[in-house]
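Engineer: Quick one, target.pdb (PDB, C-alpha atoms, pLDDT in the B column):
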ATOM      1  CA  MET J   1      22.074  12.138 -28.172  1.00 96.00           C
ATOM      2  CA  HIS J   2      23.779  14.966 -26.356  1.00 97.00           C
ATOM      3  CA  ILE J   3      27.130  15.710 -28.001  1.00 97.00           C
ATOM      4  CA  ILE J   4      29.962  17.027 -25.843  1.00 96.00           C
ATOM      5  CA  SER J   5      31.275  19.126 -27.393  1.00 88.00           C
ATOM      6  CA  PHE J   6      30.704  20.802 -30.725  1.00 94.00           C
ATOM      7  CA  LYS J   7      33.670  23.072 -29.930  1.00 95.00           C
ATOM      8  CA  LYS J   8      36.136  20.255 -30.685  1.00 95.00           C
ATOM      9  CA  LEU J   9      34.583  19.832 -34.113  1.00 96.00           C
ATOM     10  CA  LYS J  10      34.534  23.586 -34.736  1.00 96.00           C
ATOM     11  CA  ASP J  11      38.166  23.980 -33.667  1.00 96.00           C
ATOM     12  CA  TYR J  12      39.159  21.282 -36.121  1.00 96.00           C
ATOM     13  CA  PHE J  13      37.151  22.465 -39.118  1.00 95.00           C
ATOM     14  CA  THR J  14      38.311  26.032 -38.534  1.00 96.00           C
ATOM     15  CA  LYS J  15      41.890  24.913 -39.192  1.00 96.00           C
ATOM     16  CA  GLU J  16      40.863  22.259 -41.761  1.00 95.00           C
ATOM     17  CA  PRO J  17      38.013  23.822 -43.808  1.00 96.00           C
ATOM     18  CA  ASN J  18      37.573  20.779 -46.078  1.00 95.00           C
ATOM     19  CA  SER J  19      36.278  18.823 -43.082  1.00 96.00           C
ATOM     20  CA  ARG J  20      33.539  21.319 -42.198  1.00 96.00           C
ATOM     21  CA  VAL J  21      30.579  19.849 -44.103  1.00 96.00           C
ATOM     22  CA  GLY J  22      31.345  16.268 -43.089  1.00 96.00           C
ATOM     23  CA  LEU J  23      31.794  17.105 -39.414  1.00 97.00           C
ATOM     24  CA  GLN J  24      28.682  19.278 -39.322  1.00 97.00           C
ATOM     25  CA  ASP J  25      26.657  16.539 -41.012  1.00 97.00           C
ATOM     26  CA  TRP J  26      27.911  13.980 -38.481  1.00 97.00           C
ATOM     27  CA  TYR J  27      27.009  16.315 -35.608  1.00 98.00           C
ATOM     28  CA  LYS J  28      23.488  16.996 -36.889  1.00 97.00           C
ATOM     29  CA  THR J  29      22.823  13.288 -37.460  1.00 97.00           C
ATOM     30  CA  ALA J  30      24.263  12.166 -34.123  1.00 98.00           C
ATOM     31  CA  LYS J  31      22.415  14.885 -32.208  1.00 97.00           C
ATOM     32  CA  LYS J  32      19.054  13.738 -33.640  1.00 97.00           C
ATOM     33  CA  SER J  33      19.789  10.087 -32.855  1.00 97.00           C
ATOM     34  CA  ASP J  34      18.588   8.072 -29.885  1.00 97.00           C
ATOM     35  CA  TRP J  35      20.935   5.116 -29.539  1.00 97.00           C
ATOM     36  CA  ASP J  36      20.395   2.445 -26.928  1.00 97.00           C
ATOM     37  CA  ASN J  37      23.268   0.227 -28.053  1.00 97.00           C
ATOM     38  CA  PHE J  38      25.966  -0.303 -30.659  1.00 97.00           C
ATOM     39  CA  ALA J  39      23.491  -1.868 -33.101  1.00 97.00           C
ATOM     40  CA  ASP J  40      21.453   1.364 -33.057  1.00 97.00           C
ATOM     41  CA  LEU J  41      24.623   3.386 -33.630  1.00 98.00           C
ATOM     42  CA  LYS J  42      25.581   1.119 -36.564  1.00 97.00           C
ATOM     43  CA  ASN J  43      22.152   1.645 -38.103  1.00 97.00           C
ATOM     44  CA  THR J  44      22.923   5.372 -38.182  1.00 97.00           C
ATOM     45  CA  PHE J  45      26.642   5.192 -39.016  1.00 97.00           C
ATOM     46  CA  ASN J  46      27.299   1.875 -40.731  1.00 95.00           C
ATOM     47  CA  SER J  47      31.080   2.387 -40.868  1.00 94.00           C
ATOM     48  CA  ALA J  48      31.470   3.102 -37.130  1.00 96.00           C
ATOM     49  CA  ASP J  49      33.737   0.783 -35.168  1.00 95.00           C
ATOM     50  CA  ASN J  50      33.889  -0.126 -31.507  1.00 95.00           C
ATOM     51  CA  VAL J  51      37.550   0.096 -30.421  1.00 93.00           C
ATOM     52  CA  GLY J  52      36.949  -0.870 -26.801  1.00 91.00           C
ATOM     53  CA  ASN J  53      36.382   0.874 -23.495  1.00 92.00           C
ATOM     54  CA  ASN J  54      33.201   2.597 -24.774  1.00 93.00           C
ATOM     55  CA  ARG J  55      35.229   4.275 -27.562  1.00 95.00           C
ATOM     56  CA  TYR J  56      33.848   4.399 -31.086  1.00 97.00           C
ATOM     57  CA  VAL J  57      35.471   5.564 -34.297  1.00 96.00           C
ATOM     58  CA  PHE J  58      33.371   7.369 -36.882  1.00 97.00           C
ATOM     59  CA  ASN J  59      34.543   7.719 -40.475  1.00 96.00           C
ATOM     60  CA  ILE J  60      33.772  11.154 -41.861  1.00 95.00           C
ATOM     61  CA  LYS J  61      33.610  12.326 -45.481  1.00 91.00           C
ATOM     62  CA  GLY J  62      34.574   9.089 -47.172  1.00 88.00           C
ATOM     63  CA  ASN J  63      37.027   8.145 -44.420  1.00 86.00           C
ATOM     64  CA  ASN J  64      39.121  11.287 -44.950  1.00 92.00           C
ATOM     65  CA  TYR J  65      38.494  12.329 -41.350  1.00 96.00           C
ATOM     66  CA  ARG J  66      37.726  10.490 -38.154  1.00 96.00           C
ATOM     67  CA  ILE J  67      36.121  11.149 -34.809  1.00 97.00           C
ATOM     68  CA  VAL J  68      36.945   9.092 -31.728  1.00 97.00           C
ATOM     69  CA  ALA J  69      34.216   9.404 -29.115  1.00 97.00           C
ATOM     70  CA  ILE J  70      33.069   7.821 -25.906  1.00 97.00           C
ATOM     71  CA  VAL J  71      29.426   6.833 -26.270  1.00 97.00           C
ATOM     72  CA  ARG J  72      27.464   6.322 -23.074  1.00 97.00           C
ATOM     73  CA  PHE J  73      24.216   4.803 -24.263  1.00 97.00           C
ATOM     74  CA  ASN J  74      22.640   4.719 -20.793  1.00 97.00           C
ATOM     75  CA  ILE J  75      22.866   8.509 -20.342  1.00 98.00           C
ATOM     76  CA  LYS J  76      22.536   9.405 -24.048  1.00 98.00           C
ATOM     77  CA  ARG J  77      25.892  11.213 -24.207  1.00 98.00           C
ATOM     78  CA  VAL J  78      28.645  11.299 -26.823  1.00 98.00           C
ATOM     79  CA  PHE J  79      31.959  12.677 -25.589  1.00 98.00           C
ATOM     80  CA  ILE J  80      34.220  13.659 -28.485  1.00 97.00           C
ATOM     81  CA  ARG J  81      37.763  12.673 -27.549  1.00 96.00           C
ATOM     82  CA  TRP J  82      39.638  13.240 -30.818  1.00 96.00           C
ATOM     83  CA  VAL J  83      39.041  14.691 -34.293  1.00 97.00           C
ATOM     84  CA  GLY J  84      41.505  14.468 -37.150  1.00 96.00           C
ATOM     85  CA  ASN J  85      42.409  13.144 -40.536  1.00 94.00           C
ATOM     86  CA  HIS J  86      42.970   9.510 -41.398  1.00 87.00           C
ATOM     87  CA  LYS J  87      46.760   9.877 -41.555  1.00 91.00           C
ATOM     88  CA  ASP J  88      46.937  11.310 -38.019  1.00 91.00           C
ATOM     89  CA  TYR J  89      44.490   8.680 -36.773  1.00 89.00           C
ATOM     90  CA  ASP J  90      46.849   5.947 -37.942  1.00 87.00           C
ATOM     91  CA  LYS J  91      49.542   7.414 -35.654  1.00 90.00           C
ATOM     92  CA  LEU J  92      47.372   7.231 -32.512  1.00 90.00           C
ATOM     93  CA  LYS J  93      48.364   4.804 -29.801  1.00 87.00           C
ATOM     94  CA  ASN J  94      45.948   3.344 -27.229  1.00 84.00           C
ATOM     95  CA  ILE J  95      42.780   4.628 -28.880  1.00 81.00           C
ATOM     96  CA  ASP J  96      40.766   2.900 -26.191  1.00 76.00           C
ATOM     97  CA  GLN J  97      42.347   5.236 -23.627  1.00 78.00           C
ATOM     98  CA  LEU J  98      41.630   8.567 -25.343  1.00 81.00           C
TER      99      LEU J  98
END
Can you turn what I pasted into structure tokens?
Structural biologist:
Amino acid sequence: MHIISFKKLKDYFTKEPNSRVGLQDWYKTAKKSDWDNFADLKNTFNSADNVGNNRYVFNIKGNNYRIVAIVRFNIKRVFIRWVGNHKDYDKLKNIDQL
């Protein structure tokens, strides 16, 4: 999968160093993946959730951090829309519109 963009992850783990390893691991795994559908994605990231409108939530580092991304299976692209900790995730409204 082509991940757009690593910069969002880097910006976050630069200000939150404890997230670095988990976010980098997610990136490496997702980049090597070739998902055709949500079932394929779930085989890679069992805790991922579909929140609607092609948005998926990935739990990172034991659910301490989360990534919200648009996954376009047909073009093999993952668009990172939001990165943050669980507490900030709980405050998000309209996740399916990020």
Engineer: For segment 76-86 of chain J, please output as a PDB file with C-alpha atoms, keeping the file's coordinate frame all residues within 6 Å (counting all atoms listed in the file; exclusion window: fewer than 6 positions along the same chain).
Structural biologist:
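The resulting file, part.pdb, is reproduced below:
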ATOM      1  CA  MET J   1      22.074  12.138 -28.172  1.00 96.00           C
ATOM      2  CA  HIS J   2      23.779  14.966 -26.356  1.00 97.00           C
ATOM      3  CA  ILE J   3      27.130  15.710 -28.001  1.00 97.00           C
ATOM      4  CA  ILE J   4      29.962  17.027 -25.843  1.00 96.00           C
ATOM      5  CA  ASN J  64      39.121  11.287 -44.950  1.00 92.00           C
ATOM      6  CA  TYR J  65      38.494  12.329 -41.350  1.00 96.00           C
ATOM      7  CA  ARG J  66      37.726  10.490 -38.154  1.00 96.00           C
ATOM      8  CA  ILE J  67      36.121  11.149 -34.809  1.00 97.00           C
ATOM      9  CA  VAL J  68      36.945   9.092 -31.728  1.00 97.00           C
ATOM     10  CA  ALA J  69      34.216   9.404 -29.115  1.00 97.00           C
ATOM     11  CA  ILE J  70      33.069   7.821 -25.906  1.00 97.00           C
TER      12      ILE J  70
END
Engineer: Find the spatial neighbours of segment 33-46 of chain J, counting all atoms listed in the file, within a cut-off of 8 Å - ignore same-chain residues fewer than 3 positions away - and output them as a ChimeraX atom specification.
Structural biologist: /J:1,29-30,50,58,73-74,76
Engineer: Fewer than 2 positions away in the same chain doesn't count, so skip those; otherwise give me all residues within 12 Å of Ser19 of chain J, counting all atoms listed in the file, as a list of chain:residue names.
Structural biologist: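 Here the qualifying residues turn out to be J:Leu9, J:Lys10, J:Asp11, J:Tyr12, J:Phe13, J:Thr14, J:Lys15, J:Glu16, J:Pro17, J:Val21, J:Gly22, J:Leu23, J:Gln24, J:Asp25, J:Trp26, J:Asn59, J:Ile60, J:Lys61, J:Gly62, J:Asn63, J:Asn64, J:Tyr65, J:Arg66, J:Ile67, J:Val83, J:Gly84, J:Asn85, J:His86.
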Engineer: Can you tell me how far atom CA of Gly52 of chain J sits from atom CA of Asp96 of chain J, in Å to one decimal?
Structural biologist: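 Distance between the two atoms: 5.4 Å.
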Engineer: Atom CA of Asn53 of chain J and atom CA of Leu92 of chain J, how far apart in Å?
Structural biologist: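 Atom-to-atom, atom CA of Leu92 of chain J and atom CA of Asn53 of chain J are spaced 15.6 Å apart.
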Engineer: Report the distance between atom CA of Ile75 of chain J and atom CA of Lys93 of chain J in Å, rounded to one decimal place.
Structural biologist: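 Interatomic distance here is 27.4 Å.
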Engineer: Using all atoms of segment 59-66 of chain J that appear in the file, construct an axis-aligned enclosing box with 6 Å of padding on every side and provide its centre coordinates and edge lengths in Å, rounded to one decimal, as lines of an AutoDock Vina configuration file.
Structural biologist:
center_x = 36.4
center_y = 10.0
center_z = -42.7
size_x = 17.5
size_y = 16.6
size_z = 21.0
Engineer: Using only C-alpha atoms, find the one residue out of J:Lys7, J:Val71, J:Tyr27, J:Val51 that sits nearest to Gln97 of chain J.
Structural biologist: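 Comparing J:Lys7, J:Val71, J:Tyr27, J:Val51 against Gln97 of chain J, the winner is J:Val51.
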